[in-house]
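Novice: Can you read through this structure? Questions will come right after.
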Amino acid sequence: MTATMEDVSEDFGIDVETEISVQFVSEAGEAPFPPFEVPKDISPEKLLLILRAFLSEEDEKNTPYLFFVNNHEVSSSLSETLRTQVVDYESTLQVVYQPQAVFRVRGVSRCTSSLSGHGEPVVTALFSPDGRHLASGSGDKTVRFWDLTTETPHHVCKGHVNWVLAMAWSPDGKLLASGDKAGHVMIWDPVTGKARGRVLTGHKQWITCVTWEPLHLAKGICRRVASASKDGDVRVWDCVTGQCVRSMSGHTASVTCLRWGGGGLLYSASQDRTIKVWRAADGVLCRTLQGHGHWVNVLALNTDYVMRTGAFDPKDAKIVHNEEEIEAVKLTTLAQRRYDEVLKVVGEEILVSGSDDFTMFLWKPGTEKTSFARLTGHQQLVNDVKFSPCGRLIASASFDKSLRLWCGKTGRFLAVLRGHVQAVYQLAWSADSRLIVSASADSTLKLWSVENKKLHTDLPGHGDEVYTVDWSPDGQRVVSGAKDKLLRIWRN
């Protein structure tokens, strides 16, 4: 059933004096139906009713939407949003509708477990792509796997000869790579807790970052992992044979961060103030991105989350996981489909870099070597930056005690989130892109609402600086690791 303009006018009791002509436009810039008159003080709820009356496809009708006019969200009413803008009431107003996640992740509110075991500070903790396993790395030279159903220790993995500094799950969730301060990379099996293959040696100084080849490029079988080191090299390993497939040296200082893009490119950030783009297939340097005035600390891609979770879709999350094995071909098609869906929303792969020069740059690294946006506002170095799972927003954490939200397409500043009283070390997004959790040197975690740009919940509990935080892709739990040697699991 489609509604006519007259029906809509009657339903909402429109008075011609206070009307405005609006044209609904999708994110891609398409206008699915002609413009019509609505009251100036119409609320977003009423806009949603009108939009749903005209949308044709069933799944589109069940999706929640946000509405924007000139990049400003319509939060209370259309007239409120237009009050601060110069609008020509004679012409048609464009209202952009933006689909949101169909599922909602509930904010965590309490600590359900405090997991002791590590003998030194917990440096890194990560959930597997399906949220089934949890791994942590510490200064006590061990990697530990934790059983999430009982929230108890599962395996203690010994083999590293120095602090474990970096970890990454393979996108199929079957392997974990960890790098240590001695420059060694090890591959672990989360089910048995045993090391897979031999220790990957070759780096001359400590490992700063490890990353896996995306599932849709790996044809469903995860065997290639890349590592970055303080020695300035990037190495790609075949974890089945234990060989270094290629070594890429070009940076003149420590490589701080590494990302493996969905188009088969490797992005490395360094303390030599540059970002280098490498072709993973043959190790050729494609371009060098310059612009930062100090060390580049962190990189993030707008496709990071979809590549991290691989074939696992957060909206299909189950409390009890299936034990069935999915063959490689199906994994590849699922991962490819999810990657393509995100690309359809964001247009192309965009890279954001955060630096000690207090700024961030947005790049289109696949095609251009100049940045297209500079994000300024932090008053101290930028320590962490992440795109939201939907790819539309960027959150950054800084030593200036604040987090900032930015538009993921243009780099426009949206909001600042203040509340921490010391440096913010790390942040994590919920799978529905509506919440952010941050870890700070002030020993607390804080949960922030993206919808109303405010503090949602304060989560104290740790006895010292919180170094790492992660939100499980199934939305069930948040994990934090701190200087007090404890891991804490937080649930709603």
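We name chains A, B, ... following the order of the structure tokens; residues begin at 1 in each chain, and ligands are numbered from 1 as shown.
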Per DSSP on the backbone, what are the helix (DSSP H, G or I) residues of stretch 299-373 of chain A, as a PyMOL selection string?

Specialist: chain A and resi 304-309+314-316+328-346

Novice: How would the residues just picked look written out with N, CA and C atoms as a CSV table (one decimal), in the first residue's frame?

Specialist:
chain,number,residue,atom,x,y,z
A,304,ASP,N,37.9,-2.1,8.7
A,304,ASP,CA,38.5,-2.9,9.7
A,304,ASP,C,37.6,-3.9,10.4
A,305,TYR,N,36.4,-3.4,10.8
A,305,TYR,CA,35.6,-4.2,11.6
A,305,TYR,C,35.0,-5.4,10.8
A,306,VAL,N,34.6,-5.1,9.6
A,306,VAL,CA,34.1,-6.2,8.8
A,306,VAL,C,35.2,-7.2,8.4
A,307,MET,N,36.4,-6.8,8.3
A,307,MET,CA,37.5,-7.7,8.0
A,307,MET,C,37.9,-8.5,9.2
A,308,ARG,N,37.8,-7.8,10.4
A,308,ARG,CA,38.1,-8.5,11.6
A,308,ARG,C,37.2,-9.6,11.9
A,309,THR,N,35.9,-9.4,11.6
A,309,THR,CA,34.9,-10.4,12.0
A,309,THR,C,34.7,-11.4,10.8
A,314,PRO,N,27.6,-9.9,13.2
A,314,PRO,CA,27.1,-9.6,14.6
A,314,PRO,C,25.6,-9.7,14.7
A,315,LYS,N,24.9,-9.4,13.6
A,315,LYS,CA,23.4,-9.4,13.8
A,315,LYS,C,22.8,-10.8,13.9
A,316,ASP,N,23.7,-11.8,13.5
A,316,ASP,CA,23.2,-13.2,13.6
A,316,ASP,C,23.8,-13.9,14.9
A,328,ALA,N,35.7,-23.7,3.6
A,328,ALA,CA,36.5,-22.5,3.2
A,328,ALA,C,35.7,-21.7,2.1
A,329,VAL,N,35.1,-22.4,1.1
A,329,VAL,CA,34.4,-21.7,0.0
A,329,VAL,C,33.3,-20.8,0.5
A,330,LYS,N,32.5,-21.4,1.5
A,330,LYS,CA,31.4,-20.6,2.0
A,330,LYS,C,31.9,-19.5,2.9
A,331,LEU,N,33.0,-19.7,3.6
A,331,LEU,CA,33.5,-18.6,4.4
A,331,LEU,C,33.9,-17.4,3.5
A,332,THR,N,34.6,-17.8,2.4
A,332,THR,CA,35.1,-16.7,1.5
A,332,THR,C,33.9,-15.9,0.9
A,333,THR,N,32.8,-16.6,0.5
A,333,THR,CA,31.7,-15.9,-0.1
A,333,THR,C,31.0,-15.0,1.0
A,334,LEU,N,30.9,-15.6,2.2
A,334,LEU,CA,30.2,-14.8,3.3
A,334,LEU,C,31.0,-13.5,3.6
A,335,ALA,N,32.4,-13.7,3.7
A,335,ALA,CA,33.3,-12.6,4.0
A,335,ALA,C,33.2,-11.6,2.9
A,336,GLN,N,33.3,-12.1,1.6
A,336,GLN,CA,33.3,-11.2,0.5
A,336,GLN,C,32.0,-10.4,0.4
A,337,ARG,N,30.9,-11.0,0.7
A,337,ARG,CA,29.6,-10.4,0.7
A,337,ARG,C,29.5,-9.2,1.7
A,338,ARG,N,29.9,-9.6,2.9
A,338,ARG,CA,29.9,-8.6,4.0
A,338,ARG,C,30.8,-7.4,3.7
A,339,TYR,N,32.0,-7.7,3.1
A,339,TYR,CA,32.9,-6.6,2.8
A,339,TYR,C,32.3,-5.7,1.7
A,340,ASP,N,31.7,-6.3,0.7
A,340,ASP,CA,31.1,-5.6,-0.4
A,340,ASP,C,29.9,-4.7,0.1
A,341,GLU,N,29.2,-5.2,1.1
A,341,GLU,CA,28.1,-4.4,1.7
A,341,GLU,C,28.6,-3.1,2.4
A,342,VAL,N,29.7,-3.3,3.1
A,342,VAL,CA,30.2,-2.1,3.8
A,342,VAL,C,30.8,-1.1,2.8
A,343,LEU,N,31.5,-1.7,1.7
A,343,LEU,CA,32.0,-0.8,0.7
A,343,LEU,C,30.9,0.0,0.0
A,344,LYS,N,29.7,-0.6,-0.1
A,344,LYS,CA,28.6,0.0,-0.8
A,344,LYS,C,28.2,1.2,0.0
A,345,VAL,N,28.3,1.1,1.3
A,345,VAL,CA,27.9,2.2,2.2
A,345,VAL,C,28.9,3.3,2.2
A,346,VAL,N,30.2,2.9,2.3
A,346,VAL,CA,31.3,3.9,2.5
A,346,VAL,C,31.9,4.4,1.2

Novice: If we count only C-alpha atoms, what is near stretch 290-302 of chain A at a cut-off of 9 Å, once residues fewer than 3 positions away on the same chain are taken out, given as number ranges by chain?

Specialist: A: 255-259, 261, 267-276, 305-306, 342-343, 346, 348-361, 369-371, 381-394, 408

Novice: Per residue of stretch 391-474 of chain A within 12 Å of stretch 154-177 of chain A, which atom pair is closest and at what distance in Å (one decimal), using only C-alpha atoms, listed by chain and increasing number, as a tab-separated table?

Specialist:
residue	atom	partner	partner_atom	distance
A:Tyr467	CA	A:Leu165	CA	11.3
A:Thr468	CA	A:Ala166	CA	11.1
A:Pro473	CA	A:Gly173	CA	11.7
